[in-house]
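Student: One structure follows; several queries about it will come next.
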Amino acid sequence: MRTLMFLLLAAVLGPAHAGATLDRVKRTGVVTNVLLDSYPPFEFLGPDNQLAGFDVDVARAFAARIGAKLQLQTPSWETIVGGHWQGRWDICICSMTRTAERERTLSFPVQYYASPAVITVHRDEQRIKSAADLSGKRVGVGNGSTYENYLNRALVLDGRAVVAYPFHDVVAIPGDETINFRNLALGPGVRLDAIVSSLATATASAASLPALKVLSTPLYAERSSVATEKGDPQWDALVARTFEALKTDGTLARISRKWLGMDAIIDGP
Amino acid sequence: MALDAEVRAAAGRPVSAPRVTRKSHFRIQVWATWTVLALLLAWGCRALQLDFGYVAQKLPFLLGLRLGPDGFIQGAVLTLFVTAVSMVCALGIAMITAAGRLSDNPVAFAFATFYASLFRGTPLLVQVLIIYLALPQIGVVLGGLTSGLIALSLNYGAYLAETIRSGMMAIPLGQREAAMALSLPRWLILWKVTGPQALRLIIPPAGALFVSMLKDSALVSILGLWELNFLAQSYARSSFRYMEMLLAAALIYWALSIVFEIVQFRLERRFGRGVAVVGRR
């Protein structure tokens with residue numbers, strides 16, 4: 001009885017899960033972008049209590065271009081990459097990398113920027129000079145990130161595995177990336193020995209935490225895509241078309257220079 | 001205290017002056033100790049070299065005096081909203097469950113015990129995640145707020161049911177039998193005889209549960225609800241001012257808890273007014 005009531009309640013209160021994304025966006029005039037609340041400089045809670053950053057501006061430009069009102073939601077990263085959105089969110093302009101694993105539950109209509117993976121260490125770190133030195137070290141990575149897969153030697157990008165894993169037995173310590181950077185700044189080996197992350201977040205963190213040092217040699221090239229829920233090719237086509245237009249007219253390049261200090265925008269699906 | 005004095009006066013015993021003085025001495029000493037401890041805490045916080053300017057800048061958001069970017073309530077106001085709604089729902093669920101637990105009907109008893117065991121025997125965090133993440137896989141998609149409210153209500157309903165049950169069972173059978181001998185109807189016995197006596201026993205542990213629910217409401221931050229803990233952590237991460245933001249959040253939770261405790265104390269006094277307890281202050 002209680003279960004039945006619960007399901008009834010759920011049916012009444014829950015948003016509709018059936019129906020294609022495009023229909024929903026057209027009907028409501030609102031596009032819901034899902035992202036993180038702390039992944040500077042891509043997305044973070046700004047001084048005025050508003051979400052700000054590269055992805056937020058790209059999402060604004062996208063919503064304006066398709067003529068919809070933008071809504072932002074900030075659940076935890078695992079909920080986003082896990083897929084099965086069931087209509088909760090329409091799109092993820094949230095710096096997601098296309099991987100074989102994620103392609104099983106999500107669709108990736110278009111790529112938008114590239115930022116290579118790099119190692120960040122403490123300024124006083126003597127032992128770690130390259131990826132080979134990560135063996136046996138405690139390395140911080142974002143929860144459910146591609147960097148976690150990389151350290152576990154299981155990263156498949158664009159249909160092929162990353163070939164070079166010049167380390168063994170790395171202790172990957174998943175957590176919130178901004179907290180990881182904070183922990184690394186406590187000193188070499190205090191809580192973490194190193195961090196593997198994207199060059200953009202590493203540079204932004206090193207700018208606010210002078211104790212950190214970003215190693216210049218990239219580990220592998222990584223391209224971020226826009227993700228949508230599987231099963232709505234028309235919505236995916238509209239997303240791809242809109243992003244091509246935003247790239248062509250230089251909107252994305254301008255946003256990139258504003259937040260990343262460089263033009264990291266790339267072409268291609 | 002005044003209440004005890006009344007009770008004693010009613011009982012025909014003189015209220016002795018020295019006793020009253022001793023009691024007021026006790027109160028003064030309690031307040032003095034509290035003040036010293038609070039000052040020590042404040043001094044400790046000062047030694048941390050906190051950036052009070054940043055706290056002042058973020059305080060209106062943390063308290064929820066302004067709406068979030070999506071026009072919804074946020075901060076402490078959202079925390080209070082989640083707690084209040086879950087409290088009412090939990091109370092309803094708990095009363096039904098307690099009735100089932102005390103019922104002679106085996107099915108009702110089984111339902112009540114099964115539910116209470118399930119929700120008391122699993123972590124609240126797991127329940128929150130099951131309702132938010134796992135239910136969509138069978139087609140039930142709940143929003144973050146709804147998921148959080150349901151999880152808190154079901155979890156605390158189970159605990160509260162046990163509290164209510166124990167309160168009811170603590171009333172001596174003679175009370176009920178005496179009322180029945182006066183041929184009072186069943187509802188009137190519950191309303192006027194057993195209910196008020198049970199409430200006196202139920203209120204202190206129930207109050208403690210609600211204070212704890214206020215703090216457990218922080219768990220719904222993982223569903224992307226911008227409540228007090230979510231904002232504090234988010235600001236802390238973006239500014240690296242963890243000490244300031246977490247202490248500010250802790251103090252706000254503490255202040256809210258004190259308000260809850262005062263309400264609980266008032267209720268306790270009201271329902272305990274027929275019983276003079278030695279040592280009550």
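So you can find residues: chains in the structure tokens are A, B, ... in the order shown, residues in each start at 1, and ligands are numbered from 1 in order.
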Please report as a Markdown table every residue of chain B lying within 6 Å of chain A, along with the nearest atom pair and their distance in Å (one decimal), using only C-alpha atoms.
Tutor:
| residue | atom | partner | partner_atom | distance |
| --- | --- | --- | --- | --- |
| B:Pro69 | CA | A:Gln50 | CA | 5.9 |
| B:Val141 | CA | A:Gly14 | CA | 5.3 |
| B:Leu142 | CA | A:Gly14 | CA | 4.3 |
| B:Ile222 | CA | A:Ser76 | CA | 5.9 |
| B:Leu223 | CA | A:Pro75 | CA | 5.1 |
| B:Gly224 | CA | A:Pro75 | CA | 4.0 |
Student: How would the residues just chosen look if you wrote them out with N, CA and C atoms as a PDB file, in the first residue's frame?
Tutor:
ATOM      1  N   PRO B  69      19.882  31.845  -8.337  1.00  0.00           N
ATOM      2  CA  PRO B  69      19.861  32.286  -9.731  1.00  0.00           C
ATOM      3  C   PRO B  69      18.607  31.833 -10.478  1.00  0.00           C
ATOM      4  N   VAL B 141      10.965   9.312 -12.171  1.00  0.00           N
ATOM      5  CA  VAL B 141      11.957  10.382 -12.156  1.00  0.00           C
ATOM      6  C   VAL B 141      11.485  11.503 -11.241  1.00  0.00           C
ATOM      7  N   LEU B 142      12.152  11.639 -10.113  1.00  0.00           N
ATOM      8  CA  LEU B 142      11.787  12.676  -9.156  1.00  0.00           C
ATOM      9  C   LEU B 142      12.795  13.808  -9.235  1.00  0.00           C
ATOM     10  N   ILE B 222      23.821  16.904  -2.223  1.00  0.00           N
ATOM     11  CA  ILE B 222      24.362  16.121  -3.337  1.00  0.00           C
ATOM     12  C   ILE B 222      23.372  16.030  -4.494  1.00  0.00           C
ATOM     13  N   LEU B 223      22.101  16.396  -4.247  1.00  0.00           N
ATOM     14  CA  LEU B 223      21.116  16.376  -5.323  1.00  0.00           C
ATOM     15  C   LEU B 223      21.098  17.710  -6.065  1.00  0.00           C
ATOM     16  N   GLY B 224      22.066  18.595  -5.754  1.00  0.00           N
ATOM     17  CA  GLY B 224      22.135  19.875  -6.447  1.00  0.00           C
ATOM     18  C   GLY B 224      21.189  20.905  -5.871  1.00  0.00           C
TER      19      GLY B 224
END
Student: What does the distance between atom CA of A:Glu229 and atom CA of A:Gly159 come to in Å, to one decimal place?
Tutor: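 Interatomic distance, atom CA of A:Glu229 to atom CA of A:Gly159: 19.5 Å.
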Student: Step one, run DSSP on the backbone; step two, keep only residues of stretch 49-143 of chain A assigned to helix (DSSP H, G or I); then write them as a list in words.
Tutor: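 Result set for stretch 49-143 of chain A (helix (DSSP H, G or I)): Phe54, Asp55, Val56, Asp57, Val58, Ala59, Arg60, Ala61, Phe62, Ala63, Ala64, Arg65, Ile66, Trp77, Glu78, Thr79, Ile80, Val81, Ala100, Glu101, Arg102, Glu103, Ala131, Ala132, Asp133 and Leu134 of chain A.
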Student: What lies within 12 Å of B:Glu177 using only C-alpha atoms, ignoring chain neighbours under 4 positions off, as a list of chain:residue names?
Tutor: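 What passes the distance filter is B:Ile171, B:Pro172, B:Leu173, B:Ala181, B:Leu182, B:Ser183, B:Leu184, B:Pro185, B:Arg186, B:Ile189, B:Val193, B:Thr194.
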Student: Calculated over only C-alpha atoms, which of the candidates A:Val239, A:Leu155, A:Ala20, A:Val121 has the smallest distance to A:Leu186?
Tutor: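 Result for the nearest residue to A:Leu186: A:Val121.
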Student: Quick one: DSSP strand (DSSP E or B) residues in stretch 211-261 of chain A, as a compact mmCIF listing (two decimals) with C-alpha atoms, in the first residue's frame?
Tutor:
# COMPACT_ATOMS: atom_id res chain seq x y z
CA LEU A 212 51.44 24.54 -7.24
CA LYS A 213 53.50 23.89 -10.36
CA VAL A 214 52.09 22.57 -13.65
CA TYR A 220 47.69 13.06 -23.95
CA ARG A 223 38.88 17.06 -26.49
CA SER A 224 35.67 18.04 -24.73
CA SER A 225 32.28 17.39 -26.25
CA VAL A 226 28.72 18.46 -25.67
CA ALA A 227 26.69 15.56 -24.29
CA THR A 228 22.98 14.84 -24.64
CA GLU A 229 20.71 12.02 -23.65
Student: Please compute the atom CA of B:Tyr253-atom CA of B:Gln233 distance, one decimal, in Å.
Tutor: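 Interatomic distance, atom CA of B:Tyr253 to atom CA of B:Gln233: 14.1 Å.
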Student: Just the residues within 7 Å of B:Leu225, please, counting only C-alpha atoms, with nothing from its chain fewer than 2 positions along; format it as a list in words.
Tutor: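 The contact residues come out as Gly144, Leu145, Val220, Ser221, Leu223 and Glu227 of chain B.
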Student: Take the residues just selected and output them with C-alpha atoms as a compact mmCIF listing (two decimals), in the first residue's frame.
Tutor:
# COMPACT_ATOMS: atom_id res chain seq x y z
CA GLY B 144 16.08 16.81 -6.47
CA LEU B 145 13.84 18.59 -3.97
CA VAL B 220 20.36 16.69 0.05
CA SER B 221 23.09 19.02 -1.21
CA LEU B 223 21.12 16.38 -5.32
CA GLU B 227 20.90 24.72 0.65
Student: Between atom CA of B:Tyr242 and atom CA of A:Ala52, measure the distance and give it in Å to one decimal.
Tutor: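 A separation of 19.9 Å between them.
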Student: Can you list, as a ChimeraX atom specification, every protein, DNA or RNA residue that comes within 7 Å of A:His122 when you count only C-alpha atoms, leaving out same-chain residues fewer than 6 positions away?
Tutor: /A:184-185,187-188,211-213
Student: For B:Pro123, which of B:Val107, B:Ala208, B:Leu152, B:Ala198 is the closest residue, counting only C-alpha atoms?
Tutor: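 Smallest separation from B:Pro123 among the options: B:Leu152.
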Student: Please provide the set of residues having any atom within 10 Å of A:Thr242, restricted to only C-alpha atoms, with same-chain residues fewer than 4 positions apart removed, written as a list in words.
Tutor: Ala61, Phe62, Ala63, Arg65, Ile66, Val110, Asp236, Ala237, Leu238, Leu246, Lys247 and Thr248 of chain A
Student: Can you tell me which residues surround B:Ser257 at a distance of at most 12 Å, considering only C-alpha atoms, apart from same-chain residues fewer than 4 positions away, and format the answer as a PyMOL selection string?
Tutor: chain B and resi 76+79-80+83+207-216+250-253+261-264
Student: Rank A:Phe243, A:Trp89, A:Phe181, A:Tyr165 by their smallest atom-to-atom distance to A:Val34, using only C-alpha atoms, and report the top residue only.
Tutor: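 Nearest candidate to A:Val34 out of A:Phe243, A:Trp89, A:Phe181, A:Tyr165: A:Trp89.
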